[in-house]
$ cat data.txt   # compact mmCIF, C-alpha atoms
# COMPACT_ATOMS: atom_id res chain seq x y z
CA MET A 1 143.80 153.33 98.82
CA LYS A 2 142.29 151.72 95.71
CA LYS A 3 139.00 153.53 96.35
CA LEU A 4 140.86 156.80 96.74
CA LEU A 5 142.74 156.34 93.47
CA ALA A 6 139.50 155.44 91.72
CA ALA A 7 137.92 158.62 93.03
CA LEU A 8 140.88 160.66 91.85
CA ALA A 9 140.61 159.03 88.43
CA SER A 10 136.94 160.00 88.17
CA SER A 11 137.77 163.59 89.04
CA VAL A 12 140.37 163.63 86.26
CA PHE A 13 137.75 162.71 83.68
CA PHE A 14 135.45 165.42 85.04
CA LEU A 15 138.28 167.91 84.67
CA SER A 16 139.12 166.68 81.19
CA ALA A 17 135.57 167.37 80.00
CA ALA A 18 135.73 170.89 81.35
CA VAL A 19 139.10 171.49 79.72
CA ALA A 20 137.88 170.17 76.39
CA GLN A 21 135.05 172.71 76.41
CA SER A 22 137.30 175.63 77.28
CA LEU A 23 140.09 175.08 74.74
CA PRO A 24 139.57 173.52 71.29
CA ALA A 25 141.86 170.58 70.59
CA PRO A 26 144.17 170.64 67.57
CA THR A 27 143.30 168.84 64.36
CA ILE A 28 145.34 165.64 64.28
CA ALA A 29 145.46 163.57 61.08
CA ALA A 30 145.04 160.17 62.76
CA LYS A 31 142.31 157.57 63.28
CA SER A 32 142.50 158.08 67.04
CA TRP A 33 144.76 159.96 69.41
CA LEU A 34 145.21 161.00 73.02
CA LEU A 35 147.39 163.37 75.03
CA LEU A 36 148.15 162.43 78.64
CA ASP A 37 149.83 164.57 81.26
CA ALA A 38 151.76 161.88 83.10
CA THR A 39 152.63 164.31 85.90
CA SER A 40 149.01 164.75 86.96
CA GLY A 41 147.67 161.53 85.44
CA GLN A 42 145.14 163.59 83.49
CA ILE A 43 143.96 163.15 79.92
CA ILE A 44 144.20 166.62 78.37
CA ALA A 45 142.47 165.87 75.08
CA SER A 46 141.61 162.94 72.83
CA GLN A 47 139.75 161.78 69.75
CA ASP A 48 138.14 158.32 69.68
CA PRO A 49 140.33 157.13 72.57
CA HIS A 50 138.30 153.93 72.98
CA ALA A 51 138.35 152.92 69.31
CA ARG A 52 139.77 149.41 68.92
CA ILE A 53 142.94 149.40 66.85
CA GLU A 54 145.69 146.97 65.93
CA PRO A 55 148.66 148.08 68.06
CA ALA A 56 151.36 146.73 65.73
CA SER A 57 154.82 147.13 67.33
CA LEU A 58 153.39 149.20 70.19
CA THR A 59 152.73 145.69 71.53
CA LYS A 60 156.44 145.53 72.33
CA ILE A 61 155.92 148.02 75.17
CA MET A 62 154.17 145.29 77.16
CA THR A 63 156.89 142.80 76.19
CA ALA A 64 159.47 145.24 77.53
CA TYR A 65 157.44 145.85 80.71
CA LEU A 66 157.35 142.14 81.59
CA THR A 67 161.06 141.78 80.82
CA PHE A 68 161.83 144.75 83.08
CA ALA A 69 159.76 143.10 85.82
CA ALA A 70 161.69 139.83 85.44
CA LEU A 71 164.97 141.74 85.73
CA ARG A 72 163.79 143.66 88.80
CA GLU A 73 162.68 140.39 90.41
CA LYS A 74 166.04 138.74 89.61
CA LYS A 75 164.41 136.09 87.42
CA LEU A 76 166.73 137.29 84.66
CA ASP A 77 170.07 139.07 84.66
CA ILE A 78 170.82 141.92 82.27
CA ASN A 79 174.12 140.25 81.25
CA GLN A 80 172.63 136.76 81.00
CA MET A 81 173.27 134.93 77.72
CA VAL A 82 170.32 133.05 76.21
CA ASN A 83 170.09 130.69 73.28
CA VAL A 84 168.18 131.78 70.19
CA SER A 85 165.39 129.42 69.20
CA THR A 86 164.54 128.56 65.62
CA LYS A 87 161.12 130.13 66.21
CA ALA A 88 162.68 133.46 67.16
CA TRP A 89 165.11 133.29 64.23
CA LYS A 90 162.39 132.45 61.68
CA VAL A 91 159.89 135.15 62.72
CA ASP A 92 158.44 136.87 59.62
CA ALA A 93 161.50 137.51 57.46
CA SER A 94 159.91 140.56 55.83
CA SER A 95 159.34 142.28 59.18
CA SER A 96 161.71 144.31 61.38
CA LYS A 97 164.46 142.20 62.98
CA MET A 98 167.68 142.61 64.95
CA PHE A 99 169.14 139.56 63.15
CA ILE A 100 169.88 137.18 65.99
CA ASP A 101 171.06 133.68 65.04
CA PRO A 102 170.55 130.23 66.62
CA ALA A 103 174.30 129.65 66.34
CA THR A 104 175.11 132.60 68.63
CA PRO A 105 173.76 133.08 72.17
CA VAL A 106 172.67 136.65 72.83
CA LYS A 107 172.72 138.85 75.93
CA ILE A 108 169.43 139.99 77.50
CA ASN A 109 170.72 143.56 77.38
CA ASP A 110 171.23 143.32 73.61
CA LEU A 111 167.77 141.85 73.16
CA LEU A 112 166.22 144.80 75.00
CA TYR A 113 168.00 147.28 72.73
CA GLY A 114 167.05 145.15 69.74
CA LEU A 115 163.42 145.23 70.91
CA MET A 116 163.02 148.93 71.73
CA VAL A 117 165.52 150.62 69.40
CA GLN A 118 165.49 148.32 66.37
CA SER A 119 161.92 147.06 66.96
CA GLY A 120 163.11 143.50 66.33
CA ASN A 121 160.32 140.95 66.19
CA ASP A 122 162.92 138.23 66.66
CA ALA A 123 164.06 139.97 69.84
CA ALA A 124 160.47 139.99 71.10
CA VAL A 125 160.15 136.22 70.70
CA ALA A 126 163.57 135.59 72.27
CA LEU A 127 162.69 137.73 75.30
CA ALA A 128 159.30 136.06 75.65
CA GLU A 129 161.00 132.66 75.74
CA ALA A 130 163.62 133.89 78.21
CA VAL A 131 161.00 135.28 80.60
CA ALA A 132 158.33 132.57 80.40
CA GLY A 133 159.89 129.54 78.74
CA ASP A 134 157.75 129.75 75.61
CA GLU A 135 155.81 132.34 73.65
CA ALA A 136 152.33 131.07 74.53
CA THR A 137 152.98 131.27 78.27
CA PHE A 138 154.41 134.75 77.85
CA VAL A 139 151.28 135.91 76.02
CA THR A 140 149.24 134.66 78.97
CA LEU A 141 151.41 136.82 81.23
CA MET A 142 150.89 139.80 78.91
CA ASN A 143 147.13 139.52 79.17
CA ARG A 144 147.26 138.94 82.92
CA GLU A 145 149.32 142.12 83.33
CA ALA A 146 146.97 144.05 81.04
CA ALA A 147 144.06 143.01 83.28
CA ARG A 148 145.99 144.04 86.40
CA MET A 149 146.63 147.48 84.90
CA GLY A 150 142.95 147.87 84.09
CA LEU A 151 143.42 147.79 80.30
CA LYS A 152 139.87 146.63 79.66
CA SER A 153 139.96 147.04 75.88
CA THR A 154 143.32 145.37 75.28
CA HIS A 155 144.27 141.83 74.37
CA PHE A 156 147.57 140.43 73.16
CA GLY A 157 148.04 137.52 70.77
CA ASN A 158 151.83 137.66 70.47
CA PRO A 159 154.81 139.54 71.95
CA HIS A 160 155.75 141.54 68.83
CA GLY A 161 152.59 142.96 67.29
CA LEU A 162 152.59 141.24 63.91
CA PRO A 163 148.99 141.06 62.60
CA SER A 164 146.71 138.82 64.65
CA PRO A 165 142.96 139.00 65.40
CA GLU A 166 143.91 138.44 69.04
CA ASN A 167 146.02 141.63 69.15
CA TYR A 168 144.04 144.80 69.84
CA SER A 169 144.05 147.86 72.08
CA THR A 170 142.96 151.51 72.29
CA ALA A 171 144.68 154.88 72.57
CA GLN A 172 143.57 155.21 76.18
CA ASP A 173 144.83 151.77 77.22
CA LEU A 174 148.14 152.35 75.47
CA SER A 175 148.61 155.67 77.27
CA VAL A 176 148.18 153.89 80.60
CA LEU A 177 150.70 151.20 79.61
CA ALA A 178 153.22 153.80 78.46
CA ALA A 179 152.88 155.78 81.68
CA ARG A 180 153.35 152.64 83.75
CA VAL A 181 156.61 151.75 82.00
CA ILE A 182 158.04 155.21 82.67
CA ALA A 183 156.84 155.34 86.29
CA ASP A 184 157.66 151.75 87.25
CA TYR A 185 160.95 151.18 85.40
CA PRO A 186 162.73 154.52 84.79
CA GLU A 187 166.12 152.81 84.86
CA PHE A 188 165.16 150.71 81.82
CA TYR A 189 162.97 153.26 80.05
CA LYS A 190 166.12 155.22 79.17
CA ILE A 191 166.78 152.60 76.46
CA ASP A 192 164.01 154.29 74.45
CA SER A 193 166.11 157.43 74.03
CA VAL A 194 168.96 155.61 72.23
CA LYS A 195 169.07 156.76 68.60
CA SER A 196 170.71 153.70 67.07
CA PHE A 197 171.95 150.24 68.00
CA THR A 198 174.42 147.87 66.37
CA TYR A 199 174.12 144.10 66.59
CA ASN A 200 175.67 141.44 64.39
CA LYS A 201 177.58 144.27 62.67
CA ILE A 202 174.28 145.77 61.52
CA THR A 203 173.42 149.29 62.72
CA GLN A 204 169.77 150.31 62.73
CA PRO A 205 168.28 153.68 63.76
CA ASN A 206 165.49 154.20 66.25
CA ARG A 207 162.26 154.71 64.28
CA ASN A 208 161.18 157.49 66.66
CA ARG A 209 162.24 160.48 64.51
CA LEU A 210 161.35 162.92 67.30
CA LEU A 211 164.53 161.90 69.10
CA TRP A 212 166.41 163.92 66.47
CA LEU A 213 163.87 166.74 66.13
CA ASP A 214 162.92 167.52 69.74
CA PRO A 215 165.53 167.31 72.53
CA THR A 216 162.78 167.08 75.16
CA VAL A 217 161.50 163.77 73.72
CA ASP A 218 163.08 160.75 75.44
CA GLY A 219 161.02 157.79 74.04
CA MET A 220 158.67 155.75 73.47
CA LYS A 221 157.80 153.48 70.48
CA THR A 222 156.57 153.37 66.90
CA GLY A 223 154.53 150.77 65.07
CA HIS A 224 153.27 150.01 61.58
CA THR A 225 151.24 147.39 59.78
CA GLU A 226 148.96 147.75 56.77
CA ALA A 227 145.86 147.55 58.97
CA ALA A 228 147.19 149.74 61.79
CA GLY A 229 148.75 152.44 59.64
CA PHE A 230 151.66 154.39 61.09
CA CYS A 231 151.45 154.72 64.89
CA MET A 232 153.55 156.39 67.54
CA ILE A 233 153.66 156.85 71.29
CA ALA A 234 156.01 159.70 72.23
CA SER A 235 156.94 161.14 75.59
CA ALA A 236 158.60 164.46 76.41
CA ARG A 237 159.73 166.32 79.54
CA ARG A 238 159.73 170.11 79.77
CA PRO A 239 159.79 172.60 82.66
CA GLY A 240 156.39 173.56 84.09
CA GLY A 241 154.71 175.43 86.93
CA ALA A 242 154.93 172.46 89.32
CA GLY A 243 158.46 171.56 88.20
CA GLU A 244 159.22 169.26 85.30
CA ARG A 245 156.19 168.06 83.33
CA ARG A 246 155.90 164.90 81.26
CA LEU A 247 153.39 164.53 78.44
CA ILE A 248 152.67 161.32 76.57
CA SER A 249 151.09 161.46 73.11
CA VAL A 250 149.44 158.47 71.44
CA VAL A 251 148.84 158.88 67.70
CA LEU A 252 147.32 155.92 65.87
CA GLY A 253 146.55 155.25 62.23
CA THR A 254 148.35 158.02 60.35
CA ALA A 255 149.21 157.82 56.65
CA SER A 256 153.02 157.77 56.83
CA ASP A 257 156.13 157.80 58.98
CA GLN A 258 156.40 161.53 58.39
CA ALA A 259 152.77 162.10 59.36
CA ARG A 260 153.00 160.24 62.67
CA THR A 261 156.11 162.25 63.52
CA GLN A 262 154.54 165.60 62.61
CA GLU A 263 151.23 164.88 64.34
CA SER A 264 152.93 163.65 67.52
CA GLN A 265 155.09 166.78 67.63
CA LYS A 266 152.03 168.98 67.05
CA LEU A 267 150.15 167.31 69.89
CA LEU A 268 153.03 167.56 72.36
CA ASN A 269 153.68 171.22 71.52
CA TRP A 270 149.99 172.06 71.90
CA GLY A 271 149.86 170.46 75.31
CA PHE A 272 152.97 172.18 76.64
CA GLN A 273 152.10 175.57 75.18
CA ASN A 274 148.47 175.75 76.30
CA PHE A 275 148.36 174.00 79.68
CA ASP A 276 149.99 174.20 83.08
CA THR A 277 150.24 171.47 85.69
CA VAL A 278 149.95 172.89 89.19
CA LYS A 279 150.22 171.35 92.63
CA LEU A 280 147.15 172.22 94.68
CA TYR A 281 147.79 170.27 97.87
CA SER A 282 150.46 168.06 99.41
CA LYS A 283 150.03 164.57 100.74
CA GLY A 284 148.87 164.75 104.36
CA GLN A 285 148.15 168.49 104.19
CA SER A 286 145.21 169.41 106.42
CA ILE A 287 142.64 171.64 104.70
CA ALA A 288 140.19 171.72 107.65
CA THR A 289 139.71 170.37 111.18
CA PRO A 290 135.96 169.76 111.55
CA GLU A 291 134.16 168.58 114.68
CA ILE A 292 133.65 164.85 115.12
CA TRP A 293 130.98 163.28 117.32
CA LYS A 294 131.22 160.29 119.70
CA GLY A 295 134.99 160.17 119.26
CA SER A 296 137.99 159.96 121.57
CA LYS A 297 138.84 163.50 120.40
CA GLY A 298 136.69 166.42 119.40
CA SER A 299 137.99 167.12 115.90
CA VAL A 300 139.73 165.41 112.98
CA LYS A 301 142.20 166.61 110.38
CA ILE A 302 140.98 166.14 106.81
CA GLY A 303 142.79 166.50 103.50
CA PHE A 304 144.37 164.28 100.83
CA ALA A 305 146.25 160.99 101.04
CA ASN A 306 148.33 161.89 97.96
CA ASP A 307 149.76 165.00 96.36
CA VAL A 308 147.08 166.68 94.25
CA LEU A 309 148.32 167.92 90.86
CA VAL A 310 145.99 169.10 88.13
CA THR A 311 146.44 170.22 84.54
CA VAL A 312 144.48 173.28 83.46
CA PRO A 313 144.60 175.79 80.59
CA LYS A 314 147.19 178.50 81.11
CA GLY A 315 145.80 181.37 83.15
CA VAL A 316 143.11 179.29 84.87
CA ALA A 317 145.08 178.16 87.93
CA GLY A 318 145.03 181.62 89.52
CA LYS A 319 141.25 181.84 89.14
CA MET A 320 140.43 178.61 91.01
CA THR A 321 138.75 178.85 94.43
CA PRO A 322 138.09 175.84 96.70
CA LEU A 323 134.63 174.83 97.93
CA LEU A 324 134.64 172.12 100.64
CA GLU A 325 131.58 169.89 100.97
CA ARG A 326 131.59 167.55 103.99
CA LYS A 327 129.50 164.54 104.99
CA ASP A 328 128.33 166.11 108.26
CA PRO A 329 127.91 165.10 110.96
CA LEU A 330 131.15 163.12 111.20
CA VAL A 331 130.69 160.32 113.70
CA ALA A 332 133.36 158.06 115.21
CA PRO A 333 134.76 155.51 114.74
CA LEU A 334 136.45 157.01 111.71
CA ALA A 335 139.25 155.15 109.91
CA GLU A 336 142.26 156.88 108.43
CA ASN A 337 141.82 157.57 104.69
CA SER A 338 138.05 157.12 104.88
CA ARG A 339 136.23 159.60 102.65
CA VAL A 340 134.60 162.47 104.53
CA GLY A 341 133.62 164.79 101.68
CA SER A 342 134.82 166.45 98.52
CA LEU A 343 136.60 169.60 97.46
CA LYS A 344 135.37 171.37 94.36
CA MET A 345 137.66 173.81 92.58
CA MET A 346 135.48 176.59 91.20
CA VAL A 347 136.17 178.97 88.31
CA ASP A 348 133.72 181.82 87.72
CA GLY A 349 131.18 180.07 89.92
CA LYS A 350 131.35 176.78 88.02
CA PRO A 351 133.03 173.54 89.22
CA LEU A 352 136.16 172.69 87.25
CA LEU A 353 137.01 169.52 89.15
CA GLU A 354 136.04 167.56 92.22
CA LEU A 355 138.50 165.82 94.54
CA PRO A 356 137.80 163.28 97.31
CA VAL A 357 138.67 164.49 100.82
CA VAL A 358 139.70 161.89 103.42
CA ALA A 359 140.39 161.68 107.13
CA LEU A 360 144.11 162.09 107.73
CA GLU A 361 143.93 160.30 111.08
CA ALA A 362 141.88 157.59 112.73
CA VAL A 363 139.45 158.59 115.48
CA PRO A 364 138.31 155.74 117.77
CA GLN A 365 135.01 155.83 119.59
CA ALA A 366 134.73 157.65 122.91
CA THR A 367 133.79 155.91 126.13
CA ILE A 368 130.17 154.92 126.63
CA PHE A 369 129.58 158.09 128.63
CA GLY A 370 131.14 160.26 125.92
CA ARG A 371 129.02 158.60 123.23
CA ALA A 372 125.88 159.06 125.30
CA TRP A 373 126.64 162.75 125.83
CA ASP A 374 127.24 163.34 122.12
CA SER A 375 124.07 161.40 121.24
CA MET A 376 122.13 163.84 123.38
CA ARG A 377 123.88 166.81 121.80
CA LEU A 378 123.13 165.53 118.32
CA TRP A 379 119.48 165.02 119.21
CA LEU A 380 119.24 168.59 120.47
CA LYS A 381 121.16 170.03 117.53

$ encode --input "data.txt" --output "C-alpha cells"
Amino acid sequence: MKKLLAALASSVFFLSAAVAQSLPAPTIAAKSWLLLDATSGQIIASQDPHARIEPASLTKIMTAYLTFAALREKKLDINQMVNVSTKAWKVDASSSKMFIDPATPVKINDLLYGLMVQSGNDAAVALAEAVAGDEATFVTLMNREAARMGLKSTHFGNPHGLPSPENYSTAQDLSVLAARVIADYPEFYKIDSVKSFTYNKITQPNRNRLLWLDPTVDGMKTGHTEAAGFCMIASARRPGGAGERRLISVVLGTASDQARTQESQKLLNWGFQNFDTVKLYSKGQSIATPEIWKGSKGSVKIGFANDVLVTVPKGVAGKMTPLLERKDPLVAPLAENSRVGSLKMMVDGKPLLELPVVALEAVPQATIFGRAWDSMRLWLK
C-alpha cells in the first residue's frame, strides 16, 4: 500500500507540471505559496514551495494535531481540567495569549479554542504540558510526527511558533500538515471555523478574516512574526464535478494582515474557477482482464486499489483518453495490489498523467504440469 501511495504521489507531481504549463498561475504577493486540492491530493500551483520559512503561529497546527490524537486515544478528555504552569502563564507577554492564570485550572476544550481561535501562545504551552508532561518532550513528539508525515523540510523548536532557529518549515510541508488535520480529525477541525471565543471575560476574534468574507472557508490558521511576515493557511469547500471539493491555500510572507487575506482569497478563487476535480476510476474497478501465465487461473483483473481523482483545467476532463501499458507477460504467482503496469491519460496525443495499475486479486501458481505447459507456450510465443 505504501508503494502504491508513493506511485500515486509521483503521478500527481507529473500532472502538476503539465497543469502549470497549460494555465498560468496568478500573481501572488507572497514570499512563497501553494494551492492544494485536498480532494485529489494534487498540488495545483505553487511558487517556491520548498523555500524554508519561519512558520510563526502556523506551528500551532501541529500542536493541535497532537492534542487531537491524545483525545482520540483517550489520553486526555475534552472536559478535563488541567493546572496552568508558571511557564505557560509567563510566555512572551507581548505575544498573543488567551490569558490563562495559574490560580485557575482550565478545561482542555477551552485551551483548544484558545489555541486555534485566539492563537494563544499560553494555550500552546499548557496543551503541550497536558499531552506530554513538559514542553521539551512535546516538541520531541512534534518532530517525530513531522517525520512520520514525511515533512522532510520541517522542524519544530516549540509548540507555539515564537521565533526560534529550531522552528522552520515550507509551504509544501505545511499543506500536507493542514490536509492531515482535516482528514484525520474532522470532528475537531470544526473549531477553526469559530469566529470568536471568550475566556476570562475577554473576547477575541479569529484572525482568519476569510471566515467573514467567504462562507465557503471553514479554517485554518494565521501566523505573524517580524521574520515570517504575515502568513495564512486557508481551506474552503465548494461544489465540484466529483461532488464537494476542498482546496487548501498556503500563503507565506505577505506584507500585512490585509494582504494575506486578499492573496489567500485570490488563490482559492483561482483554483475553484479554473479547475475541476473528476473521478476517473473507483477503488477495485477492473479496467482490463489480461492473460496470466503459469497461474491457477488464466486471467487476472487489474485496476486501482484506491479511488482515482484528478484535478485538471476546466474543459480538459472530456478530452482525456486512457492508454494502458502492461508489464507483459504476467506470470504467476501474482500478489494482490502488486503493480502490473501503468495507465496514461492522454490529451491531444500527449500524456497528462500516469497512474500505477495493480492486480486486484492474487493468482497462485498452477500445478507443476500447468506451469510446464505454459513454459512451453511462452517459449513458442

$ atom_distance --input "data.txt" --atom1 "atom CA of A:Tyr189" --atom2 "atom CA of A:His50"
25.7 Å

$ closest_residue --input "data.txt" --among "A:Thr140, A:Ser169, A:Thr59, A:Thr154" --to "A:Ser119" --atoms "only C-alpha atoms"
A:Thr59

$ atom_distance --input "data.txt" --atom1 "atom CA of A:Gly229" --atom2 "atom CA of A:Ser32"
11.2 Å

$ atom_distance --input "data.txt" --atom1 "atom CA of A:Val82" --atom2 "atom CA of A:Pro102"
10.0 Å

$ residues_around --input "data.txt" --residues "A:Gly253" --least-positions-apart "3" --cutoff "10 Å" --atoms "all atoms listed in the file" --output "list in words"
Ala29, Ala30, Lys31, Ser32, Trp33, Ile53, Glu54, Pro55, Gly223, His224, Thr225, Glu226, Ala227, Ala228, Gly229, Phe230, Cys231, Met232, Ser256, Ala259 and Arg260 of chain A

$ axis_aligned_box --input "data.txt" --around "stretch 314-324 of chain A" --padding-each-side "6 Å" --output "JSON"
{"center_x": 140.9, "center_y": 177.0, "center_z": 90.9, "size_x": 24.6, "size_y": 21.7, "size_z": 31.5}

$ closest_residue --input "data.txt" --among "A:Asn158, A:Gln80, A:Asn269, A:Thr203" --to "A:Thr216" --atoms "all atoms listed in the file"
A:Asn269

$ residues_around --input "data.txt" --residues "A:Val194" --least-positions-apart "5" --cutoff "12 Å" --atoms "all atoms listed in the file" --output "list in words"
Leu112, Tyr113, Gly114, Leu115, Met116, Val117, Gln118, Phe188, Tyr189, Gln204, Pro205, Asn206, Arg207, Asn208, Arg209, Leu210, Leu211, Trp212, Val217, Asp218, Gly219, Met220 and Lys221 of chain A

$ write_last_selection --input "data.txt" --atoms "C-alpha atoms" --output "short mmCIF file (atom, residue, chain, number, x, y, z; two decimals), in the coordinates of the input"
data_model
loop_
_atom_site.label_atom_id
_atom_site.label_comp_id
_atom_site.auth_asym_id
_atom_site.auth_seq_id
_atom_site.Cartn_x
_atom_site.Cartn_y
_atom_site.Cartn_z
CA LEU A 112 166.22 144.80 75.00
CA TYR A 113 168.00 147.28 72.73
CA GLY A 114 167.05 145.15 69.74
CA LEU A 115 163.42 145.23 70.91
CA MET A 116 163.02 148.93 71.73
CA VAL A 117 165.52 150.62 69.40
CA GLN A 118 165.49 148.32 66.37
CA PHE A 188 165.16 150.71 81.82
CA TYR A 189 162.97 153.26 80.05
CA GLN A 204 169.77 150.31 62.73
CA PRO A 205 168.28 153.68 63.76
CA ASN A 206 165.49 154.20 66.25
CA ARG A 207 162.26 154.71 64.28
CA ASN A 208 161.18 157.49 66.66
CA ARG A 209 162.24 160.48 64.51
CA LEU A 210 161.35 162.92 67.30
CA LEU A 211 164.53 161.90 69.10
CA TRP A 212 166.41 163.92 66.47
CA VAL A 217 161.50 163.77 73.72
CA ASP A 218 163.08 160.75 75.44
CA GLY A 219 161.02 157.79 74.04
CA MET A 220 158.67 155.75 73.47
CA LYS A 221 157.80 153.48 70.48
#

$ closest_residue --input "data.txt" --among "A:Ser96, A:Gln258, A:Thr321, A:Ser296" --to "A:Ile368" --atoms "only C-alpha atoms"
A:Ser296

$ residues_around --input "data.txt" --residues "A:Val331" --least-positions-apart "5" --cutoff "12 Å" --atoms "all atoms listed in the file" --output "mmCIF file with C-alpha atoms, in the frame of the given file"
data_model
loop_
_atom_site.group_PDB
_atom_site.id
_atom_site.type_symbol
_atom_site.label_atom_id
_atom_site.label_comp_id
_atom_site.auth_asym_id
_atom_site.auth_seq_id
_atom_site.Cartn_x
_atom_site.Cartn_y
_atom_site.Cartn_z
ATOM 1 C CA PRO A 290 135.960 169.760 111.550
ATOM 2 C CA GLU A 291 134.160 168.580 114.680
ATOM 3 C CA ILE A 292 133.650 164.850 115.120
ATOM 4 C CA TRP A 293 130.980 163.280 117.320
ATOM 5 C CA LYS A 294 131.220 160.290 119.700
ATOM 6 C CA GLY A 295 134.990 160.170 119.260
ATOM 7 C CA SER A 296 137.990 159.960 121.570
ATOM 8 C CA LYS A 297 138.840 163.500 120.400
ATOM 9 C CA GLY A 298 136.690 166.420 119.400
ATOM 10 C CA SER A 299 137.990 167.120 115.900
ATOM 11 C CA VAL A 300 139.730 165.410 112.980
ATOM 12 C CA SER A 338 138.050 157.120 104.880
ATOM 13 C CA VAL A 340 134.600 162.470 104.530
ATOM 14 C CA ALA A 359 140.390 161.680 107.130
ATOM 15 C CA ALA A 362 141.880 157.590 112.730
ATOM 16 C CA VAL A 363 139.450 158.590 115.480
ATOM 17 C CA PRO A 364 138.310 155.740 117.770
ATOM 18 C CA GLN A 365 135.010 155.830 119.590
ATOM 19 C CA ALA A 366 134.730 157.650 122.910
ATOM 20 C CA ARG A 371 129.020 158.600 123.230
ATOM 21 C CA ASP A 374 127.240 163.340 122.120
ATOM 22 C CA SER A 375 124.070 161.400 121.240
ATOM 23 C CA LEU A 378 123.130 165.530 118.320
#

$ residues_around --input "data.txt" --residues "A:Gly240" --least-positions-apart "3" --cutoff "9 Å" --atoms "all atoms listed in the file" --output "list in words"
Gly243, Glu244, Arg245, Phe272, Asp276, Thr277 and Val278 of chain A

$ decode --input "data.txt" --residues "stretch 95-111 of chain A" --atoms "N, CA and C atoms" --output "PDB file, in the first residue's frame"
ATOM      1  N   SER A  95       3.108  38.793  23.151  1.00  0.00           N
ATOM      2  CA  SER A  95       2.573  37.955  22.079  1.00  0.00           C
ATOM      3  C   SER A  95       1.097  37.650  22.328  1.00  0.00           C
ATOM      4  N   SER A  96       0.468  36.963  21.377  1.00  0.00           N
ATOM      5  CA  SER A  96      -0.955  36.616  21.507  1.00  0.00           C
ATOM      6  C   SER A  96      -1.157  35.606  22.630  1.00  0.00           C
ATOM      7  N   LYS A  97      -2.195  35.846  23.452  1.00  0.00           N
ATOM      8  CA  LYS A  97      -2.477  34.980  24.603  1.00  0.00           C
ATOM      9  C   LYS A  97      -3.979  34.833  24.778  1.00  0.00           C
ATOM     10  N   MET A  98      -4.381  33.766  25.489  1.00  0.00           N
ATOM     11  CA  MET A  98      -5.787  33.614  25.854  1.00  0.00           C
ATOM     12  C   MET A  98      -6.018  34.029  27.307  1.00  0.00           C
ATOM     13  N   PHE A  99      -4.914  34.337  28.017  1.00  0.00           N
ATOM     14  CA  PHE A  99      -4.952  34.876  29.374  1.00  0.00           C
ATOM     15  C   PHE A  99      -5.423  33.853  30.406  1.00  0.00           C
ATOM     16  N   ILE A 100      -4.789  32.686  30.368  1.00  0.00           N
ATOM     17  CA  ILE A 100      -4.979  31.708  31.438  1.00  0.00           C
ATOM     18  C   ILE A 100      -4.149  32.134  32.647  1.00  0.00           C
ATOM     19  N   ASP A 101      -4.480  31.558  33.819  1.00  0.00           N
ATOM     20  CA  ASP A 101      -3.877  32.015  35.068  1.00  0.00           C
ATOM     21  C   ASP A 101      -3.557  30.807  35.945  1.00  0.00           C
ATOM     22  N   PRO A 102      -2.381  30.783  36.578  1.00  0.00           N
ATOM     23  CA  PRO A 102      -2.023  29.651  37.452  1.00  0.00           C
ATOM     24  C   PRO A 102      -3.013  29.430  38.594  1.00  0.00           C
ATOM     25  N   ALA A 103      -3.766  30.457  38.953  1.00  0.00           N
ATOM     26  CA  ALA A 103      -4.715  30.318  40.056  1.00  0.00           C
ATOM     27  C   ALA A 103      -6.008  29.625  39.632  1.00  0.00           C
ATOM     28  N   THR A 104      -6.204  29.422  38.326  1.00  0.00           N
ATOM     29  CA  THR A 104      -7.470  28.873  37.838  1.00  0.00           C
ATOM     30  C   THR A 104      -7.238  27.725  36.864  1.00  0.00           C
ATOM     31  N   PRO A 105      -7.568  26.496  37.253  1.00  0.00           N
ATOM     32  CA  PRO A 105      -7.465  25.378  36.304  1.00  0.00           C
ATOM     33  C   PRO A 105      -8.335  25.649  35.078  1.00  0.00           C
ATOM     34  N   VAL A 106      -7.918  25.106  33.934  1.00  0.00           N
ATOM     35  CA  VAL A 106      -8.611  25.386  32.686  1.00  0.00           C
ATOM     36  C   VAL A 106      -8.958  24.081  31.977  1.00  0.00           C
ATOM     37  N   LYS A 107     -10.071  24.077  31.282  1.00  0.00           N
ATOM     38  CA  LYS A 107     -10.547  22.887  30.576  1.00  0.00           C
ATOM     39  C   LYS A 107      -9.793  22.717  29.257  1.00  0.00           C
ATOM     40  N   ILE A 108      -9.511  21.465  28.900  1.00  0.00           N
ATOM     41  CA  ILE A 108      -8.835  21.171  27.629  1.00  0.00           C
ATOM     42  C   ILE A 108      -9.603  21.788  26.464  1.00  0.00           C
ATOM     43  N   ASN A 109     -10.913  21.697  26.504  1.00  0.00           N
ATOM     44  CA  ASN A 109     -11.736  22.255  25.434  1.00  0.00           C
ATOM     45  C   ASN A 109     -11.483  23.760  25.269  1.00  0.00           C
ATOM     46  N   ASP A 110     -11.393  24.478  26.379  1.00  0.00           N
ATOM     47  CA  ASP A 110     -11.126  25.912  26.317  1.00  0.00           C
ATOM     48  C   ASP A 110      -9.733  26.186  25.763  1.00  0.00           C
ATOM     49  N   LEU A 111      -8.782  25.358  26.147  1.00  0.00           N
ATOM     50  CA  LEU A 111      -7.422  25.535  25.638  1.00  0.00           C
ATOM     51  C   LEU A 111      -7.364  25.357  24.120  1.00  0.00           C
TER      52      LEU A 111
END
